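Have a look at start-v9.pdb; it's PDB, C-alpha atoms:
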```
MODEL        1
ATOM      1  CA  MET A 224     -13.069 -13.685 -13.366
ATOM      2  CA  SER A 225     -11.511 -16.066 -10.857
ATOM      3  CA  ARG A 226     -10.517 -14.596  -7.518
ATOM      4  CA  LEU A 227      -6.988 -14.659  -6.188
ATOM      5  CA  PRO A 228      -6.242 -17.247  -3.515
ATOM      6  CA  VAL A 229      -6.261 -16.041   0.053
ATOM      7  CA  PRO A 230      -4.807 -14.081   1.670
ATOM      8  CA  ARG A 231      -5.250 -11.154  -0.706
ATOM      9  CA  PRO A 232      -5.700  -7.398  -0.176
ATOM     10  CA  PHE A 233      -8.823  -6.686   1.860
ATOM     11  CA  LEU A 234      -8.944  -2.980   0.948
ATOM     12  CA  LYS A 235      -9.233  -1.234  -2.392
ATOM     13  CA  TRP A 236      -6.580   1.463  -2.538
ATOM     14  CA  ALA A 237      -5.905   4.292  -4.980
ATOM     15  CA  GLY A 238      -2.627   3.402  -6.649
ATOM     16  CA  GLY A 239      -2.762  -0.155  -5.302
ATOM     17  CA  LYS A 240      -0.282  -2.557  -6.871
ATOM     18  CA  THR A 241      -2.553  -5.456  -7.813
ATOM     19  CA  LYS A 242      -1.918  -4.706 -11.507
ATOM     20  CA  LEU A 243       1.835  -4.343 -11.006
ATOM     21  CA  VAL A 244       2.483  -7.130  -8.525
ATOM     22  CA  GLU A 245       3.260  -9.795 -11.147
ATOM     23  CA  HIS A 246       6.042  -7.591 -12.528
ATOM     24  CA  LEU A 247       7.344  -6.886  -9.037
ATOM     25  CA  MET A 248       7.382 -10.587  -8.178
ATOM     26  CA  GLN A 249       9.383 -11.347 -11.311
ATOM     27  CA  ARG A 250      11.912  -8.687 -10.304
ATOM     28  CA  ARG A 251      12.320  -9.499  -6.636
ATOM     29  CA  PRO A 252      15.794 -10.089  -5.181
ATOM     30  CA  PRO A 253      17.097 -13.655  -5.560
ATOM     31  CA  THR A 254      17.075 -13.966  -1.759
ATOM     32  CA  PHE A 255      16.332 -11.549   1.058
ATOM     33  CA  ARG A 256      16.031 -11.556   4.810
ATOM     34  CA  THR A 257      13.409  -9.189   6.244
ATOM     35  CA  TYR A 258      10.802  -7.538   4.001
ATOM     36  CA  HIS A 259       9.908  -3.863   4.565
ATOM     37  CA  GLU A 260       7.011  -1.943   3.026
ATOM     38  CA  PRO A 261       6.866   1.682   4.287
ATOM     39  CA  PHE A 262       3.913   2.770   2.083
ATOM     40  CA  LEU A 263       1.604  -0.089   2.953
ATOM     41  CA  GLY A 264      -1.726   0.732   1.297
ATOM     42  CA  SER A 265      -3.398  -2.495   0.195
ATOM     43  CA  GLY A 266      -0.272  -4.600   0.772
ATOM     44  CA  ALA A 267      -0.650  -6.401  -2.564
ATOM     45  CA  LEU A 268       3.024  -7.327  -2.872
ATOM     46  CA  PHE A 269       3.269  -8.511   0.734
ATOM     47  CA  PHE A 270       0.304 -10.856   0.316
ATOM     48  CA  SER A 271       1.673 -12.190  -2.961
ATOM     49  CA  LEU A 272       5.026 -12.923  -1.305
ATOM     50  CA  TYR A 273       3.260 -14.591   1.606
ATOM     51  CA  ARG A 274       1.258 -16.865  -0.711
ATOM     52  CA  GLU A 275       4.569 -17.977  -2.264
ATOM     53  CA  ASN A 276       5.997 -18.678   1.212
ATOM     54  CA  LEU A 277       8.699 -16.032   0.723
ATOM     55  CA  ILE A 278       8.134 -14.010   3.906
ATOM     56  CA  ARG A 279      10.316 -14.874   6.883
ATOM     57  CA  HIS A 280       9.971 -11.621   8.782
ATOM     58  CA  ALA A 281       8.315  -8.346   7.778
ATOM     59  CA  PHE A 282       7.848  -4.742   8.843
ATOM     60  CA  LEU A 283       4.744  -3.105   7.367
ATOM     61  CA  SER A 284       4.293   0.612   7.994
ATOM     62  CA  ASP A 285       2.390   3.659   6.829
ATOM     63  CA  ILE A 286       1.754   7.223   8.000
ATOM     64  CA  ASN A 287      -2.021   6.649   7.872
ATOM     65  CA  ALA A 288      -2.922   5.781  11.480
ATOM     66  CA  GLU A 289      -6.419   4.535  10.655
ATOM     67  CA  LEU A 290      -5.043   2.179   8.006
ATOM     68  CA  ILE A 291      -2.410   0.817  10.378
ATOM     69  CA  ASP A 292      -4.979   0.301  13.144
ATOM     70  CA  THR A 293      -7.103  -1.657  10.671
ATOM     71  CA  TYR A 294      -4.220  -4.028   9.943
ATOM     72  CA  ILE A 295      -3.488  -4.388  13.659
ATOM     73  CA  ALA A 296      -7.147  -5.088  14.412
ATOM     74  CA  ILE A 297      -7.305  -7.825  11.779
ATOM     75  CA  ARG A 298      -4.097  -9.351  13.087
ATOM     76  CA  ASP A 299      -5.139  -9.271  16.745
ATOM     77  CA  HIS A 300      -8.973  -9.133  16.797
ATOM     78  CA  VAL A 301     -10.111 -10.620  13.490
ATOM     79  CA  LYS A 302     -13.092 -12.552  14.859
ATOM     80  CA  GLU A 303     -14.533  -9.429  16.449
ATOM     81  CA  VAL A 304     -14.001  -7.434  13.237
ATOM     82  CA  ILE A 305     -15.878 -10.134  11.294
ATOM     83  CA  GLU A 306     -18.682 -10.156  13.857
ATOM     84  CA  ILE A 307     -19.120  -6.376  13.604
ATOM     85  CA  LEU A 308     -19.090  -6.440   9.791
ATOM     86  CA  SER A 309     -21.717  -9.204   9.809
ATOM     87  CA  GLU A 310     -24.102  -6.793  11.552
ATOM     88  CA  TYR A 311     -23.641  -4.023   8.972
ATOM     89  CA  ARG A 312     -26.210  -3.501   6.206
ATOM     90  CA  TYR A 313     -25.639  -2.059   2.763
ATOM     91  CA  SER A 314     -27.673   1.122   2.463
ATOM     92  CA  GLN A 315     -27.059   4.769   1.782
ATOM     93  CA  GLU A 316     -28.545   5.762   5.127
ATOM     94  CA  PHE A 317     -26.285   3.400   7.076
ATOM     95  CA  TYR A 318     -23.238   4.445   5.028
ATOM     96  CA  TYR A 319     -23.562   8.123   5.964
ATOM     97  CA  GLU A 320     -24.443   7.263   9.534
ATOM     98  CA  LEU A 321     -21.241   5.242   9.855
ATOM     99  CA  ARG A 322     -19.175   7.801   7.942
ATOM    100  CA  GLU A 323     -20.137  10.528  10.430
ATOM    101  CA  LYS A 324     -18.832   8.562  13.398
ATOM    102  CA  ASP A 325     -15.491   9.705  14.768
ATOM    103  CA  PRO A 326     -13.195   6.697  14.249
ATOM    104  CA  TRP A 327     -11.017   7.734  17.196
ATOM    105  CA  LYS A 328     -13.945   7.340  19.575
ATOM    106  CA  LEU A 329     -14.401   3.713  18.492
ATOM    107  CA  ARG A 330     -12.605   0.657  19.779
ATOM    108  CA  ILE A 331      -9.958  -0.634  17.380
ATOM    109  CA  PRO A 332     -12.083  -3.563  16.010
ATOM    110  CA  GLU A 333     -14.982  -1.129  15.401
ATOM    111  CA  ARG A 334     -12.627   1.324  13.720
ATOM    112  CA  ALA A 335     -11.309  -1.405  11.443
ATOM    113  CA  ALA A 336     -14.801  -2.635  10.522
ATOM    114  CA  ARG A 337     -15.843   0.946   9.746
ATOM    115  CA  MET A 338     -12.865   1.466   7.463
ATOM    116  CA  ILE A 339     -13.400  -1.794   5.580
ATOM    117  CA  TYR A 340     -17.112  -1.088   5.121
ATOM    118  CA  LEU A 341     -16.601   2.492   3.901
ATOM    119  CA  ASN A 342     -13.776   1.416   1.618
ATOM    120  CA  LYS A 343     -15.841  -1.344   0.006
ATOM    121  CA  THR A 344     -19.076   0.650  -0.311
ATOM    122  CA  GLY A 345     -17.798   4.187  -0.966
ATOM    123  CA  TYR A 346     -17.701   5.743  -4.420
ATOM    124  CA  ASN A 347     -15.112   4.131  -6.714
ATOM    125  CA  GLY A 348     -13.275   2.484  -3.821
ATOM    126  CA  LEU A 349     -11.548   5.694  -2.796
ATOM    127  CA  TYR A 350      -9.904   6.566   0.468
ATOM    128  CA  ARG A 351      -9.902  10.354   0.690
ATOM    129  CA  VAL A 352      -9.791  12.781   3.585
ATOM    130  CA  ASN A 353     -10.193  16.551   3.680
ATOM    131  CA  GLN A 354      -7.798  19.058   5.257
ATOM    132  CA  GLN A 355      -9.296  18.291   8.655
ATOM    133  CA  GLY A 356      -8.502  14.599   8.174
ATOM    134  CA  LYS A 357     -12.175  13.631   7.856
ATOM    135  CA  TYR A 358     -13.177  10.863   5.454
ATOM    136  CA  ASN A 359     -15.410  12.487   2.816
ATOM    137  CA  VAL A 360     -16.042   9.941   0.043
ATOM    138  CA  PRO A 361     -19.713   9.790  -1.062
ATOM    139  CA  PHE A 362     -21.819   6.639  -1.117
ATOM    140  CA  GLY A 363     -21.138   4.225  -3.960
ATOM    141  CA  ARG A 364     -23.787   2.177  -5.728
ATOM    142  CA  TYR A 365     -22.914  -1.495  -6.127
ATOM    143  CA  LYS A 366     -24.993  -4.604  -6.708
ATOM    144  CA  ALA A 367     -23.394  -6.638  -3.935
ATOM    145  CA  PRO A 368     -20.314  -5.064  -2.331
ATOM    146  CA  ARG A 369     -18.177  -7.647  -0.559
ATOM    147  CA  PHE A 370     -17.418  -5.857   2.679
ATOM    148  CA  LEU A 371     -17.817  -9.097   4.644
ATOM    149  CA  ASP A 372     -15.310 -11.737   3.538
ATOM    150  CA  PRO A 373     -14.567 -13.973   6.546
ATOM    151  CA  GLU A 374     -12.410 -16.461   4.650
ATOM    152  CA  ASN A 375     -10.014 -13.806   3.434
ATOM    153  CA  LEU A 376      -9.935 -11.841   6.693
ATOM    154  CA  LEU A 377      -9.026 -14.982   8.640
ATOM    155  CA  ALA A 378      -6.268 -15.751   6.131
ATOM    156  CA  VAL A 379      -5.002 -12.154   6.341
ATOM    157  CA  SER A 380      -4.921 -12.409  10.138
ATOM    158  CA  LYS A 381      -2.796 -15.545   9.886
ATOM    159  CA  ALA A 382      -0.433 -13.872   7.390
ATOM    160  CA  LEU A 383       0.039 -10.916   9.738
ATOM    161  CA  ARG A 384       0.558 -13.044  12.845
ATOM    162  CA  ASN A 385       4.331 -12.515  13.129
ATOM    163  CA  VAL A 386       4.508  -9.208  11.245
ATOM    164  CA  GLU A 387       5.481  -5.923  12.906
ATOM    165  CA  ILE A 388       2.926  -3.256  11.923
ATOM    166  CA  ILE A 389       3.977   0.303  12.614
ATOM    167  CA  CYS A 390       2.470   3.759  12.133
ATOM    168  CA  SER A 391       5.380   5.875  10.948
ATOM    169  CA  SER A 392       6.590   8.058   8.112
ATOM    170  CA  PHE A 393       8.665   6.437   5.386
ATOM    171  CA  GLU A 394      12.030   7.829   6.549
ATOM    172  CA  ARG A 395      11.811   5.797   9.776
ATOM    173  CA  VAL A 396      12.578   2.722   7.697
ATOM    174  CA  LEU A 397      16.220   3.717   8.254
ATOM    175  CA  ASP A 398      15.801   2.627  11.884
ATOM    176  CA  ARG A 399      14.984  -0.946  10.918
ATOM    177  CA  VAL A 400      16.678  -2.055   7.702
ATOM    178  CA  GLU A 401      19.663  -4.401   7.888
ATOM    179  CA  PRO A 402      22.007  -5.692   5.148
ATOM    180  CA  GLU A 403      20.308  -8.101   2.719
ATOM    181  CA  ASP A 404      16.815  -6.898   3.705
ATOM    182  CA  TRP A 405      14.425  -5.966   0.897
ATOM    183  CA  VAL A 406      12.585  -2.636   0.960
ATOM    184  CA  TYR A 407       9.716  -1.938  -1.428
ATOM    185  CA  PHE A 408       8.810   1.748  -1.682
ATOM    186  CA  ASP A 409       5.452   2.595  -3.267
ATOM    187  CA  PRO A 410       5.116   6.346  -2.625
ATOM    188  CA  PRO A 411       2.300   8.555  -3.861
ATOM    189  CA  TYR A 412       3.240   8.772  -7.530
ATOM    190  CA  PHE A 413       4.807  11.935  -8.881
ATOM    191  CA  PRO A 414       2.049  13.706 -10.887
ATOM    192  CA  ILE A 415       2.146  13.072 -14.619
ATOM    193  CA  SER A 416       0.500  16.446 -15.307
ATOM    194  CA  SER A 417       0.004  19.770 -13.562
ATOM    195  CA  THR A 418      -3.624  18.881 -12.812
ATOM    196  CA  ALA A 419      -3.024  15.345 -11.534
ATOM    197  CA  ASN A 420      -3.387  14.764  -7.815
ATOM    198  CA  PHE A 421      -2.247  11.550  -6.221
ATOM    199  CA  THR A 422      -1.887  12.940  -2.692
ATOM    200  CA  SER A 423      -5.457  12.961  -1.345
ATOM    201  CA  TYR A 424      -4.581   9.823   0.646
ATOM    202  CA  GLN A 425      -3.411  12.141   3.432
ATOM    203  CA  PRO A 426      -4.133  15.865   3.902
ATOM    204  CA  ASP A 427      -0.392  16.614   3.708
ATOM    205  CA  ARG A 428       1.176  16.767   0.257
ATOM    206  CA  PHE A 429       3.858  14.378  -0.952
ATOM    207  CA  GLY A 430       5.765  16.676  -3.260
ATOM    208  CA  PHE A 431       9.144  16.925  -4.951
ATOM    209  CA  GLN A 432      11.008  17.440  -1.680
ATOM    210  CA  GLU A 433       9.615  14.171  -0.300
ATOM    211  CA  HIS A 434      10.464  12.300  -3.504
ATOM    212  CA  GLU A 435      13.999  13.653  -3.311
ATOM    213  CA  GLN A 436      14.229  12.605   0.337
ATOM    214  CA  LEU A 437      13.052   9.119  -0.630
ATOM    215  CA  ARG A 438      15.768   8.892  -3.299
ATOM    216  CA  ASN A 439      18.388   9.866  -0.716
ATOM    217  CA  ILE A 440      17.096   7.165   1.634
ATOM    218  CA  CYS A 441      17.448   4.640  -1.189
ATOM    219  CA  LEU A 442      21.093   5.678  -1.611
ATOM    220  CA  THR A 443      21.723   5.328   2.128
ATOM    221  CA  LEU A 444      20.132   1.882   2.201
ATOM    222  CA  THR A 445      22.182   0.835  -0.820
ATOM    223  CA  LEU A 446      25.326   1.706   1.137
ATOM    224  CA  ARG A 447      23.944  -0.466   3.920
ATOM    225  CA  GLY A 448      23.692  -3.433   1.535
ATOM    226  CA  ALA A 449      19.892  -3.601   1.354
ATOM    227  CA  TYR A 450      17.850  -4.445  -1.725
ATOM    228  CA  ILE A 451      15.687  -1.522  -2.890
ATOM    229  CA  THR A 452      12.674  -1.514  -5.241
ATOM    230  CA  VAL A 453      10.700   1.641  -6.015
ATOM    231  CA  SER A 454       7.590   2.003  -8.170
ATOM    232  CA  ASN A 455       6.616   5.412  -9.533
ATOM    233  CA  SER A 456       5.145   7.257 -12.487
ATOM    234  CA  ASN A 457       7.002   7.384 -15.785
ATOM    235  CA  THR A 458       8.067  11.042 -15.678
ATOM    236  CA  SER A 459      11.263  12.912 -16.457
ATOM    237  CA  VAL A 460      11.446  14.058 -12.818
ATOM    238  CA  VAL A 461      11.471  10.515 -11.459
ATOM    239  CA  ARG A 462      13.952   9.373 -14.109
ATOM    240  CA  SER A 463      16.255  12.262 -13.226
ATOM    241  CA  LEU A 464      16.089  11.508  -9.503
ATOM    242  CA  TYR A 465      17.195   7.908 -10.024
ATOM    243  CA  SER A 466      19.673   8.450 -12.848
ATOM    244  CA  GLY A 467      23.196   7.160 -12.321
ATOM    245  CA  PRO A 468      24.944   3.819 -11.919
ATOM    246  CA  CYS A 469      23.267   2.803  -8.642
ATOM    247  CA  PHE A 470      19.796   2.225 -10.051
ATOM    248  CA  SER A 471      18.242   0.448 -12.989
ATOM    249  CA  ILE A 472      15.021   1.956 -14.383
ATOM    250  CA  GLU A 473      12.532  -0.203 -16.258
ATOM    251  CA  GLU A 474       9.265   0.763 -17.959
ATOM    252  CA  ILE A 475       6.295  -1.496 -17.243
ATOM    253  CA  SER A 476       2.954  -1.345 -19.058
ATOM    254  CA  VAL A 477      -0.150  -1.765 -16.865
ATOM    255  CA  HIS A 478      -3.884  -1.160 -17.102
ATOM    256  CA  ARG A 479      -5.083   1.822 -15.082
ATOM    257  CA  ALA A 480      -8.414   3.592 -14.679
ATOM    258  CA  ILE A 481      -8.237   7.000 -16.379
ATOM    259  CA  SER A 482     -11.403   8.522 -14.945
ATOM    260  CA  CYS A 483     -13.854   8.036 -12.102
ATOM    261  CA  LYS A 484     -15.401   5.205 -14.125
ATOM    262  CA  GLY A 485     -13.586   1.986 -13.393
ATOM    263  CA  SER A 486     -14.602   0.641 -16.811
ATOM    264  CA  GLU A 487     -12.596   3.335 -18.588
ATOM    265  CA  ARG A 488      -9.097   1.906 -18.619
ATOM    266  CA  LYS A 489      -6.059   2.168 -20.801
ATOM    267  CA  ARG A 490      -2.501   0.908 -20.729
ATOM    268  CA  VAL A 491       0.006   3.277 -19.164
ATOM    269  CA  THR A 492       3.692   2.911 -18.419
ATOM    270  CA  GLU A 493       5.066   3.047 -14.905
ATOM    271  CA  LEU A 494       8.602   2.686 -13.616
ATOM    272  CA  ILE A 495      10.182  -0.034 -11.517
ATOM    273  CA  ILE A 496      13.486   1.157 -10.082
ATOM    274  CA  ARG A 497      15.982  -1.189  -8.427
ATOM    275  CA  ASN A 498      19.486  -1.110  -6.998
ATOM    276  CA  TYR A 499      20.091  -4.729  -8.018
ATOM    277  CA  CYS A 500      19.611  -6.992 -11.003
ATOM    278  CA  GLU A 501      18.695 -10.655 -11.105
ATOM    279  CA  ASN A 502      21.346 -12.696  -9.269
ATOM    280  CA  LYS A 503      23.320  -9.543  -8.402
ATOM    281  CA  VAL A 504      23.558  -7.790  -5.055
ATOM    282  CA  PRO A 505      23.430  -4.018  -4.401
ATOM    283  CA  GLN A 506      26.675  -2.326  -5.375
ATOM    284  CA  PRO A 507      27.352   0.624  -3.059
ATOM    285  CA  TYR A 508      30.834   1.229  -4.488
ATOM    286  CA  LEU A 509      29.215   2.676  -7.620
ATOM    287  CA  PHE A 510      28.740   6.057  -5.959
ATOM    288  CA  GLU A 511      30.394   8.183  -3.311
ATOM    289  CA  ALA A 512      28.562   8.794  -0.049
TER     290      ALA A 512
ENDMDL
END
```

Please go through the file and, once you have read it, give me the structure as structure tokens.
Amino acid sequence: MSRLPVPRPFLKWAGGKTKLVEHLMQRRPPTFRTYHEPFLGSGALFFSLYRENLIRHAFLSDINAELIDTYIAIRDHVKEVIEILSEYRYSQEFYYELREKDPWKLRIPERAARMIYLNKTGYNGLYRVNQQGKYNVPFGRYKAPRFLDPENLLAVSKALRNVEIICSSFERVLDRVEPEDWVYFDPPYFPISSTANFTSYQPDRFGFQEHEQLRNICLTLTLRGAYITVSNSNTSVVRSLYSGPCFSIEEISVHRAISCKGSERKRVTELIIRNYCENKVPQPYLFEA
């Protein structure tokens, strides 16, 4: 399989939007000013927009401080991150040795290199922490994991050069969004079953109350004249939250892994929710504040 042109996501991320990004690109606003992504993760949509020369200004944010520091390190210290990664070796012994290090006692380039290495060599490409916030993914067995990719990291650094990268919760997006900005929300998906768990990304849960809060933020931003896109699971709860004249809801079919084995995939439907249609702006008069 051919690789995407650079820059592309440098982290594997549970729920990452690489499979959905083509659909999101086709459904982007006709024009927009500043791009905002408050659930950053792998940043697949941001990098796709950048490759198409569609980013003028961007705010990228996430509540995961280690993730945000990794982006900042690649933006500001990419050569040092590459140098550190070049000294790492792929072995089970080294993996657990590095995993046991406290990331907050490392300098930011070392912290970023640690996260990239663990992400690329850990089991199934997971990022998972326990209730104490400690990374606890076991060693993964790969033939040749690509944790050192200088070409892409240099391109990512260039793409992030004029981007504001912020560690904050999603509701803080209200502090930054202006009319005609585009906000893409990719929250932890609402569970499709009682046993599903999409919230191990952070030790705190992202439950119904947070999804409801996100919907309310989307309504507020619609009143402000911003473009809003939300991706989420195809569930009755999500459909109910975004029912009404303000939002359009569209089912999209994508391939997803259905077990810990990446080879076991099937097509599932997910939702893309928008407050605009092609060539049409947000219409705040459709609801009462």

Residues in the PyMOL selection byres ((chain A and resi 489-496) around 10), expressed as an MDAnalysis selection string: chainID A and resid 243 246:247 250 407:409 412 451:458 461:462 465:466 470:481 486:488 497:499

Distance in Å - CA of Pro261 in chain A versus CA of Arg351 in chain A: 19.2 Å

Contact residues around range 297-301 of chain A with all atoms listed in the file at 6 Å, ignoring same-chain residues under 4 positions, as a list in words: Ser380, Leu383 and Arg384 of chain A

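Taking CA of Phe262 in chain A as the reference point, CA of Asp285 in chain A is found at 5.1 Å.
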
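Applied to this file, the PyMOL selection byres ((chain A and resi 278) around 10) selects the residues Phe255, Arg256, Thr257, Tyr258, Phe269, Phe270, Ser271, Leu272, Tyr273, Arg274, Glu275, Asn276, Leu277, Arg279, His280, Ala281, Ala382 and Val386 of chain A.
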
Evaluate the PyMOL selection byres ((chain A and resi 230-235) around 9) and report residues as a PyMOL selection string: chain A and resi 227-229+236-237+239+241+264-267+270-271+273-274+338-339+342-343+348-350+370+372+374-382

Within 7 Å of range 446-450 of chain A using only C-alpha atoms, minus same-chain residues under 3 positions, as a ChimeraX atom specification: /A:252,401-406,442-443,498-499,505,507

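The space separating CA of Ile331 in chain A from CA of Asp292 in chain A comes to 6.6 Å.
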
Within-12 Å shell of (-20.5, -11.0, 11.2) in input frame, all atoms listed in the file, as a list of chain:residue names: A:Val301, A:Lys302, A:Glu303, A:Val304, A:Ile305, A:Glu306, A:Ile307, A:Leu308, A:Ser309, A:Glu310, A:Tyr311, A:Arg312, A:Ala336, A:Phe370, A:Leu371, A:Asp372, A:Pro373, A:Glu374, A:Leu376
